[in-house]
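S.K.: entry29.cif (mmCIF, C-alpha atoms) pasted underneath:
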data_entry
loop_
_atom_site.label_atom_id
_atom_site.label_comp_id
_atom_site.auth_asym_id
_atom_site.auth_seq_id
_atom_site.Cartn_x
_atom_site.Cartn_y
_atom_site.Cartn_z
CA MET C 111 -64.01 -7.81 38.24
CA LYS C 112 -60.94 -5.90 37.05
CA ILE C 113 -57.96 -6.12 39.38
CA VAL C 114 -54.70 -4.20 39.11
CA ILE C 115 -51.86 -5.64 41.17
CA PHE C 116 -48.71 -3.81 42.23
CA THR C 117 -46.18 -6.25 43.67
CA LYS C 118 -42.78 -5.29 45.02
CA TYR C 119 -40.94 -7.86 42.91
CA SER C 120 -41.39 -10.16 39.95
CA SER C 121 -42.07 -13.85 40.53
CA LEU C 122 -38.32 -14.43 40.89
CA ALA C 123 -38.56 -13.16 44.48
CA ALA C 124 -40.08 -15.55 47.01
CA SER C 125 -42.18 -12.94 48.84
CA SER C 126 -44.01 -11.76 45.72
CA ARG C 127 -44.23 -15.23 44.21
CA LEU C 128 -45.80 -16.70 47.34
CA ARG C 129 -47.99 -13.81 48.45
CA THR C 130 -49.40 -12.95 45.02
CA TYR C 131 -48.27 -14.79 41.90
CA GLN C 132 -49.28 -18.26 43.05
CA TYR C 133 -52.86 -17.03 43.56
CA LEU C 134 -53.23 -15.79 39.98
CA PRO C 135 -54.48 -19.13 38.55
CA TYR C 136 -57.27 -19.06 41.15
CA PHE C 137 -58.18 -15.49 40.19
CA LYS C 138 -58.29 -16.58 36.56
CA ALA C 139 -60.51 -19.54 37.41
CA GLN C 140 -62.99 -17.08 38.96
CA GLY C 141 -63.08 -15.10 35.72
CA TYR C 142 -61.30 -12.08 37.18
CA ASP C 143 -59.53 -9.77 34.74
CA PHE C 144 -56.18 -8.84 36.26
CA GLU C 145 -52.98 -7.04 35.37
CA ILE C 146 -49.82 -7.34 37.47
CA TYR C 147 -46.96 -4.86 37.67
CA PRO C 148 -43.85 -5.50 39.80
CA LEU C 149 -41.87 -2.52 41.06
CA PHE C 150 -38.57 -4.35 40.64
CA ASP C 151 -38.63 -6.56 37.57
CA GLY C 152 -36.82 -9.79 36.80
CA HIS C 153 -33.88 -8.03 35.15
CA TYR C 154 -33.30 -5.93 38.27
CA LEU C 155 -33.47 -9.00 40.52
CA THR C 156 -31.16 -11.07 38.32
CA ASN C 157 -28.51 -8.34 38.45
CA TYR C 158 -28.95 -7.97 42.19
CA TYR C 159 -28.62 -11.71 42.85
CA LYS C 160 -25.51 -11.93 40.67
CA LYS C 161 -23.72 -8.77 41.80
CA GLY C 162 -25.10 -8.34 45.31
CA ASN C 163 -25.58 -4.58 45.01
CA LYS C 164 -28.45 -2.28 44.12
CA SER C 165 -27.94 0.23 41.31
CA LYS C 166 -29.33 3.63 42.30
CA LEU C 167 -29.98 4.44 38.65
CA SER C 168 -31.90 1.20 38.23
CA ILE C 169 -34.00 1.91 41.33
CA ILE C 170 -34.87 5.40 40.06
CA THR C 171 -35.78 3.91 36.68
CA GLN C 172 -38.09 1.38 38.32
CA TYR C 173 -39.76 4.12 40.40
CA VAL C 174 -40.39 6.29 37.35
CA LYS C 175 -41.82 3.31 35.50
CA ARG C 176 -44.24 2.64 38.36
CA ILE C 177 -45.36 6.28 38.48
CA CYS C 178 -46.31 5.99 34.82
CA LEU C 179 -48.28 2.82 35.55
CA LEU C 180 -50.36 4.27 38.38
CA LYS C 181 -52.96 5.48 35.87
CA LYS C 182 -53.90 1.80 35.45
CA MET C 183 -55.68 1.83 38.81
CA ILE C 184 -58.26 4.44 37.79
CA ASN C 185 -60.53 1.95 36.04
CA ALA C 186 -59.88 -0.96 38.40
CA ASP C 187 -62.54 -2.42 40.65
CA VAL C 188 -59.86 -3.38 43.16
CA VAL C 189 -56.15 -2.62 43.45
CA ILE C 190 -53.85 -5.03 45.28
CA ILE C 191 -50.65 -3.57 46.73
CA GLU C 192 -47.83 -5.59 48.19
CA LYS C 193 -46.70 -3.63 51.26
CA GLU C 194 -46.57 -0.11 49.74
CA LEU C 195 -46.33 1.58 46.37
CA PHE C 196 -42.92 3.20 46.91
CA PRO C 197 -40.55 2.04 49.67
CA TRP C 198 -38.81 4.86 51.52
CA LEU C 199 -41.06 7.57 50.08
CA PRO C 200 -43.70 9.40 52.16
CA TYR C 201 -47.43 8.67 52.12
CA ILE C 202 -48.17 10.60 48.92
CA PHE C 203 -49.20 8.25 46.15
CA GLU C 204 -51.27 6.04 48.45
CA SER C 205 -53.03 9.17 49.72
CA PHE C 206 -54.30 9.90 46.21
CA MET C 207 -55.97 6.50 46.23
CA ALA C 208 -57.88 7.47 49.35
CA LEU C 209 -58.70 10.88 47.86
CA PHE C 210 -60.17 9.36 44.70
CA LYS C 211 -61.88 6.54 46.66
CA ILE C 212 -59.95 3.77 44.90
CA LYS C 213 -60.56 0.50 46.73
CA TYR C 214 -57.34 -1.28 47.52
CA ILE C 215 -56.11 -4.34 49.37
CA VAL C 216 -52.71 -4.12 51.01
CA ASP C 217 -50.73 -7.25 51.87
CA TYR C 218 -47.93 -7.66 54.44
CA ASP C 219 -45.63 -10.59 55.16
CA ASP C 220 -42.99 -8.56 56.99
CA ALA C 221 -43.00 -5.85 59.65
CA ILE C 222 -41.80 -3.22 57.19
CA PHE C 223 -43.21 -0.47 59.41
CA HIS C 224 -40.20 -1.07 61.67
CA ASN C 225 -37.96 0.12 58.82
CA TYR C 226 -39.51 3.51 59.50
CA ASP C 227 -40.59 3.72 63.14
CA GLN C 228 -37.33 2.33 64.53
CA ASN C 229 -34.89 4.19 62.31
CA GLY C 230 -33.04 7.49 62.61
CA LYS C 231 -34.77 10.73 63.60
CA VAL C 232 -35.16 11.97 60.02
CA ILE C 233 -36.69 8.70 58.76
CA CYS C 234 -38.99 8.53 61.80
CA PHE C 235 -40.15 12.11 61.30
CA PHE C 236 -41.15 11.62 57.68
CA LEU C 237 -42.14 7.95 57.53
CA SER C 238 -42.96 6.54 60.99
CA THR C 239 -46.73 6.77 60.42
CA LYS C 240 -46.76 5.96 56.71
CA ILE C 241 -47.77 2.30 56.98
CA ASN C 242 -50.41 3.20 59.59
CA SER C 243 -52.07 5.41 56.99
CA VAL C 244 -51.75 2.82 54.21
CA MET C 245 -53.40 0.23 56.45
CA LYS C 246 -56.11 2.55 57.76
CA ASN C 247 -57.35 3.60 54.33
CA SER C 248 -57.33 0.14 52.78
CA ALA C 249 -60.51 -1.73 51.92
CA ALA C 250 -58.81 -4.81 53.37
CA CYS C 251 -55.48 -5.50 55.02
CA ILE C 252 -54.14 -9.02 54.52
CA CYS C 253 -51.50 -10.05 57.05
CA GLY C 254 -49.17 -13.03 57.17
CA ASN C 255 -49.50 -13.42 60.95
CA THR C 256 -51.25 -12.01 64.02
CA TYR C 257 -48.39 -9.63 64.89
CA LEU C 258 -48.93 -7.86 61.58
CA GLN C 259 -52.70 -8.05 61.98
CA ASN C 260 -52.50 -6.41 65.41
CA LYS C 261 -50.57 -3.55 63.83
CA ALA C 262 -53.27 -3.17 61.19
CA VAL C 263 -56.04 -3.12 63.80
CA LEU C 264 -54.20 -0.52 65.90
CA SER C 265 -53.71 1.56 62.75
CA GLY C 266 -57.47 1.67 62.23
CA ALA C 267 -57.83 -0.75 59.33
CA GLY C 268 -61.52 -1.47 58.85
CA PHE C 269 -61.11 -5.09 57.73
CA THR C 270 -58.16 -7.37 58.41
CA LYS C 271 -57.52 -11.01 57.62
CA VAL C 272 -54.63 -13.35 58.40
CA ILE C 273 -53.55 -15.37 55.37
CA PRO C 274 -50.27 -17.17 56.12
CA THR C 275 -47.52 -17.51 53.55
CA VAL C 276 -48.28 -20.90 52.04
CA ILE C 277 -47.01 -23.55 49.64
CA ASP C 278 -48.49 -25.31 46.63
CA ILE C 279 -48.90 -28.82 48.03
CA ASN C 280 -48.75 -30.28 44.51
CA ARG C 281 -45.06 -29.36 44.42
CA TYR C 282 -44.21 -31.04 47.72
CA ASP C 283 -44.14 -34.73 48.53
CA LYS C 284 -43.12 -36.57 51.68
CA LYS C 285 -39.62 -37.46 52.72
CA ASN C 286 -38.89 -41.19 52.40
CA TYR C 287 -38.05 -42.45 55.89
CA TYR C 288 -37.29 -45.95 54.67
CA THR C 289 -34.07 -45.22 52.81
CA ILE C 290 -30.73 -46.68 53.89
CA GLU C 291 -29.35 -45.08 57.06
CA HIS C 292 -27.12 -42.09 56.35
CA LYS C 293 -25.35 -39.30 58.17
CA ILE C 294 -27.89 -36.95 59.80
CA LYS C 295 -28.56 -33.82 57.78
CA VAL C 296 -29.65 -30.59 59.46
CA GLY C 297 -31.17 -28.30 56.83
CA TRP C 298 -31.82 -24.60 56.36
CA ILE C 299 -33.24 -22.83 53.30
CA GLY C 300 -33.23 -19.09 52.71
CA SER C 301 -31.33 -16.25 51.08
CA PRO C 302 -27.98 -14.51 51.64
CA SER C 303 -29.74 -11.75 53.60
CA THR C 304 -31.36 -14.18 56.06
CA ALA C 305 -28.34 -16.47 56.47
CA VAL C 306 -27.19 -14.10 59.22
CA TYR C 307 -29.68 -15.84 61.54
CA LEU C 308 -27.55 -18.98 61.42
CA ASN C 309 -24.96 -17.10 63.47
CA GLU C 310 -27.46 -17.19 66.35
CA ILE C 311 -26.79 -20.92 66.74
CA SER C 312 -23.16 -21.17 65.64
CA ASP C 313 -22.02 -22.09 69.16
CA VAL C 314 -24.73 -24.77 69.34
CA LEU C 315 -23.60 -26.25 66.04
CA LYS C 316 -19.97 -26.34 67.18
CA ILE C 317 -20.91 -28.18 70.38
CA LEU C 318 -23.04 -30.70 68.49
CA ALA C 319 -20.28 -31.30 65.93
CA LYS C 320 -18.05 -32.58 68.75
CA ARG C 321 -20.72 -35.07 69.83
CA TYR C 322 -22.39 -36.17 66.58
CA ASP C 323 -21.45 -36.81 62.98
CA PHE C 324 -23.89 -34.63 61.02
CA THR C 325 -23.93 -32.37 57.98
CA LEU C 326 -25.40 -28.86 57.91
CA VAL C 327 -27.07 -28.39 54.51
CA ILE C 328 -27.58 -24.77 53.42
CA VAL C 329 -29.81 -23.94 50.45
CA GLY C 330 -29.75 -20.45 48.93
CA ALA C 331 -26.74 -18.96 50.71
CA GLU C 332 -23.12 -19.49 51.75
CA PHE C 333 -22.27 -20.24 55.36
CA GLU C 334 -19.24 -21.48 57.27
CA CYS C 335 -18.99 -22.67 60.87
CA GLU C 336 -15.67 -23.81 62.30
CA GLY C 337 -15.62 -27.51 63.03
CA VAL C 338 -18.98 -28.14 61.35
CA ASN C 339 -19.35 -30.05 58.08
CA VAL C 340 -21.31 -27.60 55.90
CA GLU C 341 -22.73 -28.33 52.45
CA CYS C 342 -24.04 -25.33 50.47
CA HIS C 343 -26.36 -25.43 47.46
CA ALA C 344 -27.62 -22.69 45.16
CA TRP C 345 -31.37 -22.31 45.31
CA SER C 346 -33.66 -22.99 42.37
CA GLU C 347 -37.36 -23.67 42.18
CA ASP C 348 -36.57 -27.00 40.57
CA ASN C 349 -34.20 -28.28 43.26
CA GLU C 350 -35.60 -26.90 46.52
CA VAL C 351 -38.08 -29.69 47.29
CA ASN C 352 -35.62 -32.53 46.69
CA LEU C 353 -33.05 -30.79 48.86
CA ILE C 354 -35.57 -30.26 51.67
CA LYS C 355 -36.52 -33.94 51.48
CA SER C 356 -32.88 -34.79 52.13
CA PHE C 357 -33.06 -33.00 55.51
CA ASP C 358 -33.57 -34.98 58.70
CA VAL C 359 -34.21 -31.80 60.70
CA GLY C 360 -35.26 -28.38 59.40
CA ILE C 361 -34.27 -25.29 61.37
CA MET C 362 -35.39 -21.68 61.63
CA PRO C 363 -33.23 -19.68 64.04
CA LEU C 364 -34.07 -16.02 64.56
CA LYS C 365 -32.83 -13.20 66.73
CA ASP C 366 -35.24 -11.56 69.14
CA SER C 367 -36.15 -8.16 67.72
CA PRO C 368 -39.36 -6.45 66.55
CA TRP C 369 -38.61 -7.15 62.87
CA GLU C 370 -38.44 -10.90 63.44
CA LYS C 371 -41.86 -10.87 65.13
CA GLY C 372 -43.28 -10.06 61.69
CA LYS C 373 -41.76 -13.14 60.03
CA CYS C 374 -44.28 -15.63 58.64
CA GLY C 375 -42.44 -18.91 59.21
CA TYR C 376 -42.32 -19.97 55.57
CA LYS C 377 -39.18 -22.08 56.08
CA LEU C 378 -40.98 -24.13 58.71
CA ILE C 379 -43.94 -24.67 56.40
CA GLN C 380 -41.65 -25.88 53.61
CA TYR C 381 -39.93 -28.37 55.91
CA MET C 382 -43.24 -29.59 57.32
CA ALA C 383 -44.71 -30.03 53.83
CA CYS C 384 -41.98 -32.60 53.17
CA ALA C 385 -42.63 -34.31 56.53
CA VAL C 386 -39.36 -33.04 58.00
CA PRO C 387 -39.46 -32.29 61.76
CA VAL C 388 -38.55 -28.75 62.72
CA ILE C 389 -36.79 -26.67 65.36
CA GLY C 390 -37.46 -22.94 65.54
CA SER C 391 -36.60 -20.02 67.79
CA ASP C 392 -39.38 -19.08 70.20
CA ILE C 393 -40.04 -15.83 68.36
CA GLY C 394 -43.07 -14.56 66.48
CA VAL C 395 -45.19 -17.00 64.52
CA ASN C 396 -42.73 -19.88 64.97
CA ARG C 397 -44.36 -20.80 68.28
CA GLU C 398 -47.84 -20.89 66.75
CA ILE C 399 -46.84 -22.97 63.73
CA ILE C 400 -44.81 -25.58 65.62
CA ASN C 401 -46.93 -25.96 68.75
CA ASN C 402 -50.24 -26.08 66.89
CA SER C 403 -48.94 -28.79 64.59
CA ASN C 404 -46.81 -30.80 67.06
CA SER C 405 -44.19 -30.90 64.32
CA GLY C 406 -41.06 -30.27 66.37
CA TYR C 407 -39.57 -28.01 69.03
CA VAL C 408 -39.83 -24.33 69.90
CA VAL C 409 -36.56 -23.37 71.59
CA ASN C 410 -35.07 -20.50 73.55
CA GLY C 411 -31.36 -20.44 74.34
CA ASN C 412 -28.43 -22.70 73.51
CA GLU C 413 -29.29 -25.49 75.94
CA SER C 414 -32.82 -25.70 74.55
CA TRP C 415 -31.46 -25.91 71.00
CA ILE C 416 -29.02 -28.67 71.97
CA ASN C 417 -31.70 -30.71 73.74
CA ALA C 418 -34.02 -30.47 70.74
CA PHE C 419 -31.31 -31.50 68.30
CA GLU C 420 -30.25 -34.45 70.45
CA SER C 421 -33.83 -35.71 70.78
CA LEU C 422 -34.24 -35.77 67.02
CA PHE C 423 -30.75 -37.06 66.28
CA LYS C 424 -31.31 -40.09 68.51
CA SER C 425 -34.70 -41.23 67.22
CA LYS C 426 -35.66 -41.85 63.62
CA GLU C 427 -39.14 -42.84 64.83
CA LEU C 428 -39.59 -39.46 66.55
CA ARG C 429 -38.46 -37.63 63.42
CA GLN C 430 -40.96 -39.59 61.35
CA LYS C 431 -43.81 -38.97 63.80
CA LEU C 432 -43.26 -35.22 64.14
CA GLY C 433 -42.61 -34.88 60.42
CA GLY C 434 -45.91 -36.63 59.65
CA ASN C 435 -47.74 -34.31 62.06
CA GLY C 436 -46.26 -31.33 60.29
CA ARG C 437 -47.33 -32.44 56.83
CA GLU C 438 -50.90 -33.02 58.03
CA ALA C 439 -50.99 -29.49 59.47
CA VAL C 440 -49.67 -28.00 56.24
CA ILE C 441 -52.30 -29.76 54.14
CA GLU C 442 -55.03 -28.45 56.43
CA LYS C 443 -53.95 -24.82 56.76
CA TYR C 444 -50.78 -23.83 54.95
CA THR C 445 -51.43 -24.47 51.25
CA VAL C 446 -52.49 -22.15 48.47
CA GLN C 447 -55.26 -24.66 47.80
CA SER C 448 -56.72 -24.09 51.27
CA GLN C 449 -56.17 -20.32 51.38
CA ALA C 450 -57.23 -19.30 47.85
CA LYS C 451 -60.90 -19.30 48.90
CA GLU C 452 -60.08 -16.87 51.74
CA TYR C 453 -58.45 -14.48 49.28
CA ILE C 454 -61.30 -14.75 46.80
CA ASP C 455 -63.85 -14.13 49.56
CA ILE C 456 -62.07 -10.87 50.37
CA LEU C 457 -62.17 -9.77 46.73
CA ASN C 458 -65.87 -10.58 46.47
CA ARG C 459 -66.55 -8.77 49.73
CA ILE C 460 -64.95 -5.61 48.36
CA ARG C 461 -66.77 -5.89 45.04
CA SER C 462 -70.11 -6.06 46.77
CA SER C 463 -69.39 -3.25 49.25
#
Render the structure in this file as structure tokens.

M.R.:
Amino acid sequence: MKIVIFTKYSSLAASSRLRTYQYLPYFKAQGYDFEIYPLFDGHYLTNYYKKGNKSKLSIITQYVKRICLLKKMINADVVIIEKELFPWLPYIFESFMALFKIKYIVDYDDAIFHNYDQNGKVICFFLSTKINSVMKNSAACICGNTYLQNKAVLSGAGFTKVIPTVIDINRYDKKNYYTIEHKIKVGWIGSPSTAVYLNEISDVLKILAKRYDFTLVIVGAEFECEGVNVECHAWSEDNEVNLIKSFDVGIMPLKDSPWEKGKCGYKLIQYMACAVPVIGSDIGVNREIINNSNSGYVVNGNESWINAFESLFKSKELRQKLGGNGREAVIEKYTVQSQAKEYIDILNRIRSS
């Protein structure tokens, strides 16, 4: 089977690395012949991470490069597309795939359709139904959670499958609960763009800081909160697991909006993989991940956040129990090892159709 893959980013970006790149060894083991082409390459991402802005010239260059690469899909048995071929452009290039009966899988880990259907009048007019069409004409639509899957079904997708965003369990080991007692560490991992969600619980953190001696550990972003001891670390693939293992509680605050309902809860899964108990906003897939694993608390409102924190702060035994539950759930459902077969089954289904 020849597969051509169009990701949004290179493996430097978490979404592309987790949704596509980490499955490539499993494709190779099946004897699949694949080629992978990111829209935004590593050079673009490195500049963006360093400078924090997006060069319009660079974006245009990347788009032109992708247009030239589209010919690669003509001889492919299956094409895999992460989200869409060209963000913020109308349903043109994907429509040619339908016209020429090119079989493609489209994968979503965010509710990107809300970029278009909940934007200004001009954007809505030209793009509000774009993702509907991409989903409808796909041979398979892979979704990171049921919210995204429901959108695919309503759009008319013929075959949908939920494959959560998962971790490679070989990279994650358990937190050691038998180390010398230390100051409680509340941990969060993410990116500068998602650090804004920490503002949702800034008042909670300030209240807790007056009652308890704890450190807020931030990985992958900068954050300040008056009166709270905050420790920030740059993210790297080499240091993320050890930093997560230093957490006593892992958090995933979100605001309540349609975009957040499309989130796939990857932070929670990372914490749970290291046997760290979790607290997450009662939004989107957070509820499903936490409640189904009994790995922590789903919360709604400041008082609920405070109660959850205090329960975990006061009991090392509770932290260890909930953390252990979380790791067991991750091993069963949220690893690339457990989900690779699902992905391969979809590819084989398309090949035989």

S.K.: Pick out the residues sitting within 7 Å of segment 263-280 of chain C, and hand them over as a ChimeraX atom specification; count only C-alpha atoms, and ignore anything fewer than 2 positions along from it in its own chain.

M.R.: /C:128-129,242,245-256,259-261,282,374,376,444-447,449

S.K.: Output the selection as a CSV table (one decimal), in the coordinates of the input - C-alpha atoms for each residue.

M.R.:
chain,number,residue,atom,x,y,z
C,128,LEU,CA,-45.8,-16.7,47.3
C,129,ARG,CA,-48.0,-13.8,48.4
C,242,ASN,CA,-50.4,3.2,59.6
C,245,MET,CA,-53.4,0.2,56.4
C,246,LYS,CA,-56.1,2.6,57.8
C,247,ASN,CA,-57.4,3.6,54.3
C,248,SER,CA,-57.3,0.1,52.8
C,249,ALA,CA,-60.5,-1.7,51.9
C,250,ALA,CA,-58.8,-4.8,53.4
C,251,CYS,CA,-55.5,-5.5,55.0
C,252,ILE,CA,-54.1,-9.0,54.5
C,253,CYS,CA,-51.5,-10.0,57.0
C,254,GLY,CA,-49.2,-13.0,57.2
C,255,ASN,CA,-49.5,-13.4,61.0
C,256,THR,CA,-51.2,-12.0,64.0
C,259,GLN,CA,-52.7,-8.0,62.0
C,260,ASN,CA,-52.5,-6.4,65.4
C,261,LYS,CA,-50.6,-3.6,63.8
C,282,TYR,CA,-44.2,-31.0,47.7
C,374,CYS,CA,-44.3,-15.6,58.6
C,376,TYR,CA,-42.3,-20.0,55.6
C,444,TYR,CA,-50.8,-23.8,55.0
C,445,THR,CA,-51.4,-24.5,51.2
C,446,VAL,CA,-52.5,-22.2,48.5
C,447,GLN,CA,-55.3,-24.7,47.8
C,449,GLN,CA,-56.2,-20.3,51.4

S.K.: Quick one: distance from atom CA of Lys293 of chain C to atom CA of Pro387 of chain C in Å, one decimal?

M.R.: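 Answer for the atom CA of Lys293 of chain C to atom CA of Pro387 of chain C separation: 16.2 Å.
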
S.K.: From the list C:Asp143, C:Ala319, C:Thr130, C:Ile222, which residue is nearest Glu420 of chain C when using all atoms listed in the file?

M.R.: C:Ala319

S.K.: Name the residues that the PyMOL selection byres ((chain C and resi 338-346) around 10) picks from the file above, as a ChimeraX atom specification, using the file's chain letters and numbers.

M.R.: /C:122,295-301,312,315-320,323-337,347-351,353

S.K.: Evaluated on this file, the PyMOL selection byres ((chain C and resi 389) around 12) picks out some residues - which ones are they, written as a VMD selection string?

M.R.: chain C and resid 296 to 298 311 358 to 364 375 377 to 379 381 to 382 386 to 388 390 to 393 396 to 397 399 to 401 404 to 410 414 to 422 429 432 to 433 436

S.K.: Separation of atom CA of Ser448 of chain C and atom CA of Gln132 of chain C, in Å?

M.R.: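 Those two atoms sit 12.5 Å apart.
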
S.K.: What is the atom CA of Ser425 of chain C-atom CA of Ser356 of chain C distance in Å, reported with one decimal?

M.R.: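 Atom CA of Ser356 of chain C lies at a distance of 16.5 Å from atom CA of Ser425 of chain C.
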
S.K.: Do you know which residues lie at most 7 Å from (-62.2, -8.3, 36.3), with coordinates as in the file and all atoms listed in the file counted, and could you write them as an MDAnalysis selection string?

M.R.: chainID C and resid 111:113 141:144

S.K.: Quick check on the file I pasted: which residues fall under the PyMOL selection byres ((chain C and resi 227) around 12)? Write them as a list in words.

M.R.: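 Going through the file, the PyMOL selection byres ((chain C and resi 227) around 12) ends up selecting Trp198, Ala221, Ile222, Phe223, His224, Asn225, Tyr226, Gln228, Asn229, Gly230, Lys231, Val232, Ile233, Cys234, Phe235, Phe236, Leu237, Ser238, Thr239, Lys240, Ile241, Asn242, Pro368 and Trp369 of chain C.
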
S.K.: Identify which of the residues C:Leu199, C:Leu428, C:Cys384, C:Val189 lies closest to Ile212 of chain C, counting all atoms listed in the file when measuring atom-to-atom distances.

M.R.: C:Val189

S.K.: In the coordinate frame of the file, compute which residues have an atom within 10 Å of (-57.3, 5.9, 48.6) when using only C-alpha atoms, and state them as a list in words.

M.R.: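 Those within range, by chain then number, are Phe203, Glu204, Ser205, Phe206, Met207, Ala208, Leu209, Phe210, Lys211, Ile212, Lys213, Tyr214, Ser243, Val244, Lys246, Asn247, Ser248 and Ala249 of chain C.
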
S.K.: Please produce segment 212-234 of chain C, completed to N, CA and C atoms, as a JSON list (two decimals), in the frame of the given file.

M.R.:
[["chain", "number", "residue", "atom", "x", "y", "z"],
["C", 212, "ILE", "N", -60.34, 5.01, 45.57],
["C", 212, "ILE", "CA", -59.95, 3.77, 44.90],
["C", 212, "ILE", "C", -59.85, 2.67, 45.95],
["C", 213, "LYS", "N", -60.58, 1.60, 45.76],
["C", 213, "LYS", "CA", -60.56, 0.50, 46.73],
["C", 213, "LYS", "C", -59.29, -0.32, 46.54],
["C", 214, "TYR", "N", -58.56, -0.48, 47.63],
["C", 214, "TYR", "CA", -57.34, -1.28, 47.52],
["C", 214, "TYR", "C", -57.17, -2.23, 48.69],
["C", 215, "ILE", "N", -56.54, -3.36, 48.38],
["C", 215, "ILE", "CA", -56.11, -4.34, 49.37],
["C", 215, "ILE", "C", -54.61, -4.18, 49.54],
["C", 216, "VAL", "N", -54.15, -4.18, 50.77],
["C", 216, "VAL", "CA", -52.71, -4.12, 51.01],
["C", 216, "VAL", "C", -52.30, -5.39, 51.74],
["C", 217, "ASP", "N", -51.17, -5.96, 51.35],
["C", 217, "ASP", "CA", -50.73, -7.25, 51.87],
["C", 217, "ASP", "C", -49.35, -7.12, 52.51],
["C", 218, "TYR", "N", -49.20, -7.71, 53.71],
["C", 218, "TYR", "CA", -47.93, -7.66, 54.44],
["C", 218, "TYR", "C", -47.50, -9.05, 54.88],
["C", 219, "ASP", "N", -46.22, -9.36, 54.63],
["C", 219, "ASP", "CA", -45.63, -10.59, 55.16],
["C", 219, "ASP", "C", -44.37, -10.28, 55.95],
["C", 220, "ASP", "N", -44.11, -9.01, 56.18],
["C", 220, "ASP", "CA", -42.99, -8.56, 56.99],
["C", 220, "ASP", "C", -43.40, -7.30, 57.75],
["C", 221, "ALA", "N", -42.71, -7.04, 58.85],
["C", 221, "ALA", "CA", -43.00, -5.85, 59.65],
["C", 221, "ALA", "C", -42.24, -4.66, 59.09],
["C", 222, "ILE", "N", -42.57, -4.28, 57.85],
["C", 222, "ILE", "CA", -41.80, -3.22, 57.19],
["C", 222, "ILE", "C", -41.97, -1.87, 57.88],
["C", 223, "PHE", "N", -43.02, -1.73, 58.69],
["C", 223, "PHE", "CA", -43.21, -0.47, 59.41],
["C", 223, "PHE", "C", -42.06, -0.22, 60.37],
["C", 224, "HIS", "N", -41.35, -1.27, 60.79],
["C", 224, "HIS", "CA", -40.20, -1.07, 61.67],
["C", 224, "HIS", "C", -38.99, -0.51, 60.92],
["C", 225, "ASN", "N", -39.00, -0.59, 59.59],
["C", 225, "ASN", "CA", -37.96, 0.12, 58.82],
["C", 225, "ASN", "C", -38.05, 1.61, 59.06],
["C", 226, "TYR", "N", -39.25, 2.08, 59.38],
["C", 226, "TYR", "CA", -39.51, 3.51, 59.50],
["C", 226, "TYR", "C", -39.65, 3.99, 60.94],
["C", 227, "ASP", "N", -40.34, 3.22, 61.78],
["C", 227, "ASP", "CA", -40.59, 3.72, 63.14],
["C", 227, "ASP", "C", -39.47, 3.39, 64.12],
["C", 228, "GLN", "N", -38.47, 2.62, 63.67],
["C", 228, "GLN", "CA", -37.33, 2.33, 64.53],
["C", 228, "GLN", "C", -36.02, 2.67, 63.82],
["C", 229, "ASN", "N", -36.06, 3.74, 63.06],
["C", 229, "ASN", "CA", -34.89, 4.19, 62.31],
["C", 229, "ASN", "C", -34.41, 5.52, 62.88],
["C", 230, "GLY", "N", -33.56, 6.20, 62.15],
["C", 230, "GLY", "CA", -33.04, 7.49, 62.61],
["C", 230, "GLY", "C", -34.13, 8.55, 62.72],
["C", 231, "LYS", "N", -33.79, 9.68, 63.34],
["C", 231, "LYS", "CA", -34.77, 10.73, 63.60],
["C", 231, "LYS", "C", -35.41, 11.26, 62.32],
["C", 232, "VAL", "N", -34.62, 11.42, 61.27],
["C", 232, "VAL", "CA", -35.16, 11.97, 60.02],
["C", 232, "VAL", "C", -36.17, 11.00, 59.40],
["C", 233, "ILE", "N", -35.79, 9.72, 59.32],
["C", 233, "ILE", "CA", -36.69, 8.70, 58.76],
["C", 233, "ILE", "C", -37.97, 8.63, 59.59],
["C", 234, "CYS", "N", -37.82, 8.61, 60.91],
["C", 234, "CYS", "CA", -38.99, 8.53, 61.80],
["C", 234, "CYS", "C", -39.91, 9.72, 61.60]]
